[in-house]
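Structure first, commentary second.
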Amino acid sequence: MGENSAPNPENRNGTTGRPLAERVATRLFYPTSRPREKSLRDAVSGRVILVTGASHGIGKVTAKKLAAAGAIVLLVARTREDLDQVAAEIGAAGGTAHVYQADITDMEAVEQLGRTILDEHDHVDVMINNAGKSIRRSLAKSYDRFHDFTRTIDVNYLGPVRLLLTLLPNMRERGRGHIVNVSTWGLRMPPAPRWSAYGASKAAFDVWLRTVATEIAADGVTTTSVYMPLVHTRMSAPTDFSGVPGLTADEAADLICHAVTAKPLEISPWWTGPVQAWTDLRRGAAQRFMERSFRTLKG
C-alpha cells in the first residue's frame with residue numbers, strides 16, 4: 001500500500017508497451033543477465049527449488065522459468081487459488097510444481113511449512129526469498145499505523161528468517177544449498193523519504209543473511225543478494241512509477257535465474273557501487289540531498 005495510485009502494471013510486462021526512451025534508459029541503468037538455456041537447465045534440472053511469493057509478479061515468472069528448465073518447483077504464497085493456477089500453467093507446459101499455501105507472517109505456520117517440505121521432499125536445493133511487502137508512507141501519516149512497521153518486518157525479515165532456521169540445518173548437513181534473496185537497490189542508496197518501514201525491514205534481512213553467509217560457507221551453502229531495481233509489478237503499483245525506468249517481471253526473473261545459475265555473491269545495478277561509496281564517505285551531504293528532495297516534494 002502507498003500514498004499514490006498507479007496504472008495497472010500488467011500492461012507493462014512486455015517491452016512493447018513501454019516508450020522507447022524508457023526502454024533505452026532501462027537498458028542503460030538496469031542491464032540484466034539471462035543465463036543460456038543449457039546453463040540454466042544444467043544448474044536446476046531435477047533440483048528442488050522453493051520460491052516464496054510465487055503467485056504473482058516476479059515469483060510467478062521465476063517459478064515458470066525454472067520449471068521449464070527442469071526444476072521441481074515449490075510454490076509458496078498466501079492464496080491457494082492463485083498458486084493452483086500457477087501450478088496448472090507449469091504442469092501444462094510439462095513442468096513439475098507443488099503448491100504450499102502459507103502466510104509468511106505466521107511464524108508457527110512458517111516453521112511447519114519448512115518441516116512439511118523437508119518431510120515431503122527430503123531437502124531444498126535452492127531457496128528463493130522473493131515474497132515482500134512494500135509500503136511508501138510519510139512519517140506524518142504513520143503515527144497511528146504501527147502495523148505498517150510490524151507487517152513489513154514480518155514479511156520482509158522475520159518470516160524468511162523463521163523459514164531458513166528450519167531449512168538451513170538440512171542444507172548444512174548435506175553440504176550444499178543456495179539462498180537467493182530478492183532485496184532492493186534502495187539499500188545501496190541514501191535512505192529516501194517515505195520508505196522507512198520498507199527500507200528498515202529489507203535492511204534487517206539483508207544484514208542477517210550476509211552475516212549468516214559467513215558461517216554457512218564452510219558447509220557448502222552459498223548466498224546471492226539481488227539488489228533489485230524498480231520492477232513494474234502489482235507490488236510497486238500503489239506508488240505512481242509511471243514513466244520511471246524499471247524492469248518487467250520477466251526481466252527481473254532473468255536476474256534471479258542468473259543468480260541461481262552463476263551463484264554470484266551479489267547482483268546490483270552497476271552504478272550503485274559508486275553511489276554507495278559516496279554515501280558512506282559523505283553521509284551528511286547525502287542526507288541533506290534527501291532532505292532537500294523531500295522539502296521540494298512537499299512544496
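For the C-alpha cells, the naming scheme is as follows: chains receive sequential letters (A, B, ...) according to their order of presentation, residues are indexed from 1 within each chain, and ligands are indexed from 1 in presentation order.
Residue-level DSSP output for region 107-143 of chain A, from the backbone, shows strand (DSSP E) at Val126, Met127, Ile128 and Asn129 of chain A.
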Item to complete: Skip region 102-115 of chain A itself and residues of its chain fewer than 6 positions away, then list as a PyMOL selection string all residues within 7 Å of it, counting only C-alpha atoms.
Response: chain A and resi 76-78+154-155+159+162-163+166-167
Using N, CA, C and O atoms, can you write the selected residues to a file as a CSV table (one decimal), in the first residue's frame?
chain,number,residue,atom,x,y,z
A,76,VAL,N,5.1,-21.1,-2.9
A,76,VAL,CA,4.7,-20.7,-1.6
A,76,VAL,C,4.0,-19.3,-1.7
A,76,VAL,O,4.7,-18.4,-2.3
A,77,ALA,N,2.8,-19.1,-1.2
A,77,ALA,CA,2.2,-17.8,-1.1
A,77,ALA,C,0.9,-18.0,-0.3
A,77,ALA,O,0.6,-19.1,0.2
A,78,ARG,N,0.2,-16.9,-0.1
A,78,ARG,CA,-1.0,-17.0,0.8
A,78,ARG,C,-2.2,-17.5,0.2
A,78,ARG,O,-3.1,-18.2,0.8
A,154,ASP,N,7.5,-8.5,9.5
A,154,ASP,CA,7.1,-9.9,9.5
A,154,ASP,C,7.4,-10.6,8.1
A,154,ASP,O,7.9,-11.7,8.0
A,155,VAL,N,7.0,-9.8,7.0
A,155,VAL,CA,7.1,-10.4,5.7
A,155,VAL,C,8.5,-10.3,5.2
A,155,VAL,O,9.0,-11.3,4.6
A,159,GLY,N,9.7,-13.6,8.8
A,159,GLY,CA,9.2,-14.7,8.1
A,159,GLY,C,10.3,-15.5,7.4
A,159,GLY,O,10.4,-16.8,7.7
A,162,ARG,N,12.6,-17.2,9.9
A,162,ARG,CA,12.0,-18.4,10.5
A,162,ARG,C,12.0,-19.6,9.6
A,162,ARG,O,12.3,-20.7,10.0
A,163,LEU,N,11.8,-19.4,8.3
A,163,LEU,CA,11.8,-20.5,7.3
A,163,LEU,C,13.2,-21.0,7.2
A,163,LEU,O,13.4,-22.2,7.1
A,166,THR,N,14.6,-23.3,9.8
A,166,THR,CA,14.2,-24.7,9.6
A,166,THR,C,14.9,-25.4,8.5
A,166,THR,O,15.2,-26.6,8.6
A,167,LEU,N,15.2,-24.7,7.4
A,167,LEU,CA,15.8,-25.4,6.2
A,167,LEU,C,17.3,-25.5,6.3
A,167,LEU,O,17.9,-26.4,5.7
Worksheet entry | Which of A:Ser196, A:Ser45, A:Thr26, A:Gln287 sits closest to Phe149 (chain A) [using only C-alpha atoms] |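 Closest candidate: A:Ser196.
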Discussion item. List the spatial neighbours of Ser268 (chain A) as a list in words - criterion: any atom at most 10 Å away, only C-alpha atoms, same-chain residues fewer than 6 positions off excluded.
Written reply: Tyr30, Pro31, Thr32, Ser183, Thr184, Trp185, Arg188, Ser225, Val226, Tyr227, Met228, Pro229 and Leu255 of chain A
Worksheet item: Got a sec: who's within 8 Å of Asp254 (chain A), counting only C-alpha atoms, leaving out chain neighbours fewer than 6 positions off, as number ranges by chain?
Response: A: 32-35, 62
Discussion item. With only C-alpha atoms as the counted atoms, please give the residues lying no more than 12 Å from Glu120 (chain A), apart from itself and same-chain residues fewer than 2 positions off, as a list in words.
Written reply: Val48, Leu74, His98, Val99, Tyr100, Leu113, Gly114, Arg115, Thr116, Ile117, Leu118, Asp122, His123 and Val124 of chain A
Would you export the selected residues with N, CA and C atoms as a PDB file, in the first residue's frame, please?
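So the final result, stored in result_18.pdb, reads:
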ATOM      1  N   VAL A  48      15.346 -29.295  -6.312  1.00  0.00           N
ATOM      2  CA  VAL A  48      14.166 -28.807  -5.589  1.00  0.00           C
ATOM      3  C   VAL A  48      14.382 -27.331  -5.258  1.00  0.00           C
ATOM      4  N   LEU A  74       8.699 -25.562  -5.778  1.00  0.00           N
ATOM      5  CA  LEU A  74       7.771 -25.499  -4.651  1.00  0.00           C
ATOM      6  C   LEU A  74       7.236 -24.078  -4.561  1.00  0.00           C
ATOM      7  N   HIS A  98       4.741 -27.986  -6.972  1.00  0.00           N
ATOM      8  CA  HIS A  98       3.975 -28.368  -5.794  1.00  0.00           C
ATOM      9  C   HIS A  98       3.548 -27.103  -5.069  1.00  0.00           C
ATOM     10  N   VAL A  99       2.320 -27.086  -4.608  1.00  0.00           N
ATOM     11  CA  VAL A  99       1.726 -25.896  -4.000  1.00  0.00           C
ATOM     12  C   VAL A  99       1.760 -25.995  -2.482  1.00  0.00           C
ATOM     13  N   TYR A 100       2.196 -24.906  -1.827  1.00  0.00           N
ATOM     14  CA  TYR A 100       2.194 -24.812  -0.368  1.00  0.00           C
ATOM     15  C   TYR A 100       1.628 -23.457   0.038  1.00  0.00           C
ATOM     16  N   LEU A 113       5.656 -25.135   7.674  1.00  0.00           N
ATOM     17  CA  LEU A 113       5.885 -25.193   6.227  1.00  0.00           C
ATOM     18  C   LEU A 113       7.245 -25.809   5.940  1.00  0.00           C
ATOM     19  N   GLY A 114       8.275 -25.319   6.609  1.00  0.00           N
ATOM     20  CA  GLY A 114       9.611 -25.856   6.380  1.00  0.00           C
ATOM     21  C   GLY A 114       9.704 -27.326   6.710  1.00  0.00           C
ATOM     22  N   ARG A 115       9.101 -27.726   7.819  1.00  0.00           N
ATOM     23  CA  ARG A 115       9.153 -29.137   8.232  1.00  0.00           C
ATOM     24  C   ARG A 115       8.383 -30.023   7.245  1.00  0.00           C
ATOM     25  N   THR A 116       7.233 -29.528   6.783  1.00  0.00           N
ATOM     26  CA  THR A 116       6.443 -30.296   5.811  1.00  0.00           C
ATOM     27  C   THR A 116       7.210 -30.494   4.513  1.00  0.00           C
ATOM     28  N   ILE A 117       7.847 -29.439   4.043  1.00  0.00           N
ATOM     29  CA  ILE A 117       8.617 -29.521   2.800  1.00  0.00           C
ATOM     30  C   ILE A 117       9.760 -30.524   2.941  1.00  0.00           C
ATOM     31  N   LEU A 118      10.457 -30.501   4.062  1.00  0.00           N
ATOM     32  CA  LEU A 118      11.553 -31.455   4.263  1.00  0.00           C
ATOM     33  C   LEU A 118      11.018 -32.881   4.371  1.00  0.00           C
ATOM     34  N   ASP A 122      12.535 -34.215   1.246  1.00  0.00           N
ATOM     35  CA  ASP A 122      13.822 -34.584   1.831  1.00  0.00           C
ATOM     36  C   ASP A 122      14.776 -33.397   1.982  1.00  0.00           C
ATOM     37  N   HIS A 123      14.760 -32.486   1.036  1.00  0.00           N
ATOM     38  CA  HIS A 123      15.696 -31.357   1.080  1.00  0.00           C
ATOM     39  C   HIS A 123      15.204 -30.244   0.155  1.00  0.00           C
ATOM     40  N   VAL A 124      15.839 -29.099   0.275  1.00  0.00           N
ATOM     41  CA  VAL A 124      15.654 -27.980  -0.655  1.00  0.00           C
ATOM     42  C   VAL A 124      17.033 -27.596  -1.174  1.00  0.00           C
TER      43      VAL A 124
END
Fill in: Which residue of A:Gly46, A:Ala217, A:Leu20, A:Met189 approaches Pro269 (chain A) most closely, using only C-alpha atoms
A:Met189
Item to complete: Enumerate, as a ChimeraX atom specification, the complete set of residues in region 86-284 of chain A that a backbone-based DSSP assignment places in helix (DSSP H, G or I).
Response: /A:86-92,107-121,139-141,146-174,185-188,196-219,249-262,272-281,283-284
Worksheet entry | Test item: residues at most 10 Å from Gly186 (chain A), only C-alpha atoms, excluding those fewer than 4 positions along its chain, as a list in words |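 With the cut-off at 10 Å, the set is Pro190, Pro191, Ala192, Trp195, Tyr198, Gly199, Lys202, Ala203, Tyr227, Met228, Pro229, Leu230 and Thr272 of chain A.
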Dump of C-alpha atoms for the selected residues, as an mmCIF file, in the first residue's frame:
data_model
loop_
_atom_site.group_PDB
_atom_site.id
_atom_site.type_symbol
_atom_site.label_atom_id
_atom_site.label_comp_id
_atom_site.auth_asym_id
_atom_site.auth_seq_id
_atom_site.Cartn_x
_atom_site.Cartn_y
_atom_site.Cartn_z
ATOM 1 C CA PRO A 190 20.948 7.093 0.857
ATOM 2 C CA PRO A 191 17.761 6.497 2.914
ATOM 3 C CA ALA A 192 14.877 8.014 0.959
ATOM 4 C CA TRP A 195 10.346 4.434 2.767
ATOM 5 C CA TYR A 198 10.115 -0.914 3.868
ATOM 6 C CA GLY A 199 13.784 0.077 3.916
ATOM 7 C CA LYS A 202 14.680 -5.131 3.902
ATOM 8 C CA ALA A 203 17.913 -3.935 5.517
ATOM 9 C CA TYR A 227 19.631 -5.682 -5.126
ATOM 10 C CA MET A 228 16.722 -5.444 -7.498
ATOM 11 C CA PRO A 229 15.926 -2.130 -9.179
ATOM 12 C CA LEU A 230 12.369 -0.927 -9.676
ATOM 13 C CA THR A 272 25.100 1.636 -7.153
#
Practice prompt. Have a look at A:Asn129, A:Ser138, A:Asn181, A:Ser201 and name the one nearest to Asn156 (chain A); count only C-alpha atoms.
Written response: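 Checking each of A:Asn129, A:Ser138, A:Asn181, A:Ser201 against Asn156 (chain A), counting only C-alpha atoms, the winner is A:Ser201.
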Worksheet item: Near region 84-96 of chain A, within 9 Å and counting only C-alpha atoms, which residues show up once chain neighbours fewer than 5 positions away are dropped, as a PyMOL selection string?
Response: chain A and resi 54-56+60+63-64+66-75+79
File dump, residues just selected, N, CA, C and O atoms, as a PDB file, in the first residue's frame:
ATOM      1  N   ALA A  54       5.149 -16.789  -4.878  1.00  0.00           N
ATOM      2  CA  ALA A  54       5.149 -17.393  -6.213  1.00  0.00           C
ATOM      3  C   ALA A  54       3.832 -17.239  -6.958  1.00  0.00           C
ATOM      4  O   ALA A  54       3.704 -17.740  -8.075  1.00  0.00           O
ATOM      5  N   SER A  55       2.854 -16.560  -6.379  1.00  0.00           N
ATOM      6  CA  SER A  55       1.540 -16.493  -7.017  1.00  0.00           C
ATOM      7  C   SER A  55       1.406 -15.364  -8.027  1.00  0.00           C
ATOM      8  O   SER A  55       0.504 -15.384  -8.871  1.00  0.00           O
ATOM      9  N   HIS A  56       2.286 -14.369  -7.960  1.00  0.00           N
ATOM     10  CA  HIS A  56       2.185 -13.210  -8.851  1.00  0.00           C
ATOM     11  C   HIS A  56       3.576 -12.678  -9.176  1.00  0.00           C
ATOM     12  O   HIS A  56       4.566 -13.028  -8.540  1.00  0.00           O
ATOM     13  N   LYS A  60       6.136 -15.588  -9.698  1.00  0.00           N
ATOM     14  CA  LYS A  60       5.416 -16.439 -10.650  1.00  0.00           C
ATOM     15  C   LYS A  60       6.241 -16.672 -11.909  1.00  0.00           C
ATOM     16  O   LYS A  60       6.390 -17.821 -12.364  1.00  0.00           O
ATOM     17  N   ALA A  63       9.324 -18.890 -11.163  1.00  0.00           N
ATOM     18  CA  ALA A  63       8.955 -20.304 -10.980  1.00  0.00           C
ATOM     19  C   ALA A  63       8.704 -20.980 -12.323  1.00  0.00           C
ATOM     20  O   ALA A  63       9.132 -22.129 -12.548  1.00  0.00           O
ATOM     21  N   LYS A  64       8.039 -20.294 -13.236  1.00  0.00           N
ATOM     22  CA  LYS A  64       7.744 -20.878 -14.543  1.00  0.00           C
ATOM     23  C   LYS A  64       9.021 -21.078 -15.353  1.00  0.00           C
ATOM     24  O   LYS A  64       9.177 -22.094 -16.052  1.00  0.00           O
ATOM     25  N   LEU A  66      12.073 -21.580 -14.117  1.00  0.00           N
ATOM     26  CA  LEU A  66      12.846 -22.657 -13.502  1.00  0.00           C
ATOM     27  C   LEU A  66      12.216 -24.013 -13.795  1.00  0.00           C
ATOM     28  O   LEU A  66      12.924 -24.990 -14.081  1.00  0.00           O
ATOM     29  N   ALA A  67      10.895 -24.085 -13.723  1.00  0.00           N
ATOM     30  CA  ALA A  67      10.210 -25.345 -14.024  1.00  0.00           C
ATOM     31  C   ALA A  67      10.421 -25.747 -15.476  1.00  0.00           C
ATOM     32  O   ALA A  67      10.611 -26.934 -15.782  1.00  0.00           O
ATOM     33  N   ALA A  68      10.409 -24.769 -16.378  1.00  0.00           N
ATOM     34  CA  ALA A  68      10.634 -25.069 -17.795  1.00  0.00           C
ATOM     35  C   ALA A  68      12.033 -25.619 -18.035  1.00  0.00           C
ATOM     36  O   ALA A  68      12.263 -26.350 -19.008  1.00  0.00           O
ATOM     37  N   ALA A  69      12.968 -25.279 -17.136  1.00  0.00           N
ATOM     38  CA  ALA A  69      14.343 -25.784 -17.267  1.00  0.00           C
ATOM     39  C   ALA A  69      14.541 -27.101 -16.530  1.00  0.00           C
ATOM     40  O   ALA A  69      15.667 -27.607 -16.464  1.00  0.00           O
ATOM     41  N   GLY A  70      13.462 -27.637 -15.953  1.00  0.00           N
ATOM     42  CA  GLY A  70      13.548 -28.955 -15.341  1.00  0.00           C
ATOM     43  C   GLY A  70      13.577 -28.994 -13.831  1.00  0.00           C
ATOM     44  O   GLY A  70      13.708 -30.076 -13.244  1.00  0.00           O
ATOM     45  N   ALA A  71      13.436 -27.850 -13.171  1.00  0.00           N
ATOM     46  CA  ALA A  71      13.447 -27.835 -11.710  1.00  0.00           C
ATOM     47  C   ALA A  71      12.127 -28.362 -11.149  1.00  0.00           C
ATOM     48  O   ALA A  71      11.073 -28.266 -11.795  1.00  0.00           O
ATOM     49  N   ILE A  72      12.189 -28.908  -9.951  1.00  0.00           N
ATOM     50  CA  ILE A  72      10.987 -29.250  -9.180  1.00  0.00           C
ATOM     51  C   ILE A  72      10.696 -28.039  -8.311  1.00  0.00           C
ATOM     52  O   ILE A  72      11.439 -27.746  -7.367  1.00  0.00           O
ATOM     53  N   VAL A  73       9.651 -27.308  -8.659  1.00  0.00           N
ATOM     54  CA  VAL A  73       9.409 -26.007  -8.047  1.00  0.00           C
ATOM     55  C   VAL A  73       8.370 -26.123  -6.941  1.00  0.00           C
ATOM     56  O   VAL A  73       7.281 -26.686  -7.146  1.00  0.00           O
ATOM     57  N   LEU A  74       8.699 -25.562  -5.778  1.00  0.00           N
ATOM     58  CA  LEU A  74       7.771 -25.499  -4.651  1.00  0.00           C
ATOM     59  C   LEU A  74       7.236 -24.078  -4.561  1.00  0.00           C
ATOM     60  O   LEU A  74       7.997 -23.128  -4.322  1.00  0.00           O
ATOM     61  N   LEU A  75       5.945 -23.930  -4.789  1.00  0.00           N
ATOM     62  CA  LEU A  75       5.316 -22.618  -4.853  1.00  0.00           C
ATOM     63  C   LEU A  75       4.721 -22.252  -3.495  1.00  0.00           C
ATOM     64  O   LEU A  75       3.885 -22.976  -2.966  1.00  0.00           O
ATOM     65  N   THR A  79      -2.411 -17.275  -1.133  1.00  0.00           N
ATOM     66  CA  THR A  79      -3.687 -17.581  -1.780  1.00  0.00           C
ATOM     67  C   THR A  79      -3.612 -18.884  -2.566  1.00  0.00           C
ATOM     68  O   THR A  79      -2.897 -18.980  -3.567  1.00  0.00           O
TER      69      THR A  79
END
Discussion item. I'd like the interatomic distance between CA of Ile179 (chain A) and CA of Ile128 (chain A), to a tenth of an Å.
Written reply: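 Here the two named atoms are 6.0 Å from each other.
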Fill in: Two-atom distance - CA of Gly246 (chain A), CA of Trp278 (chain A) (Å)
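Pair CA of Gly246 (chain A) / CA of Trp278 (chain A) returns 23.3 Å.
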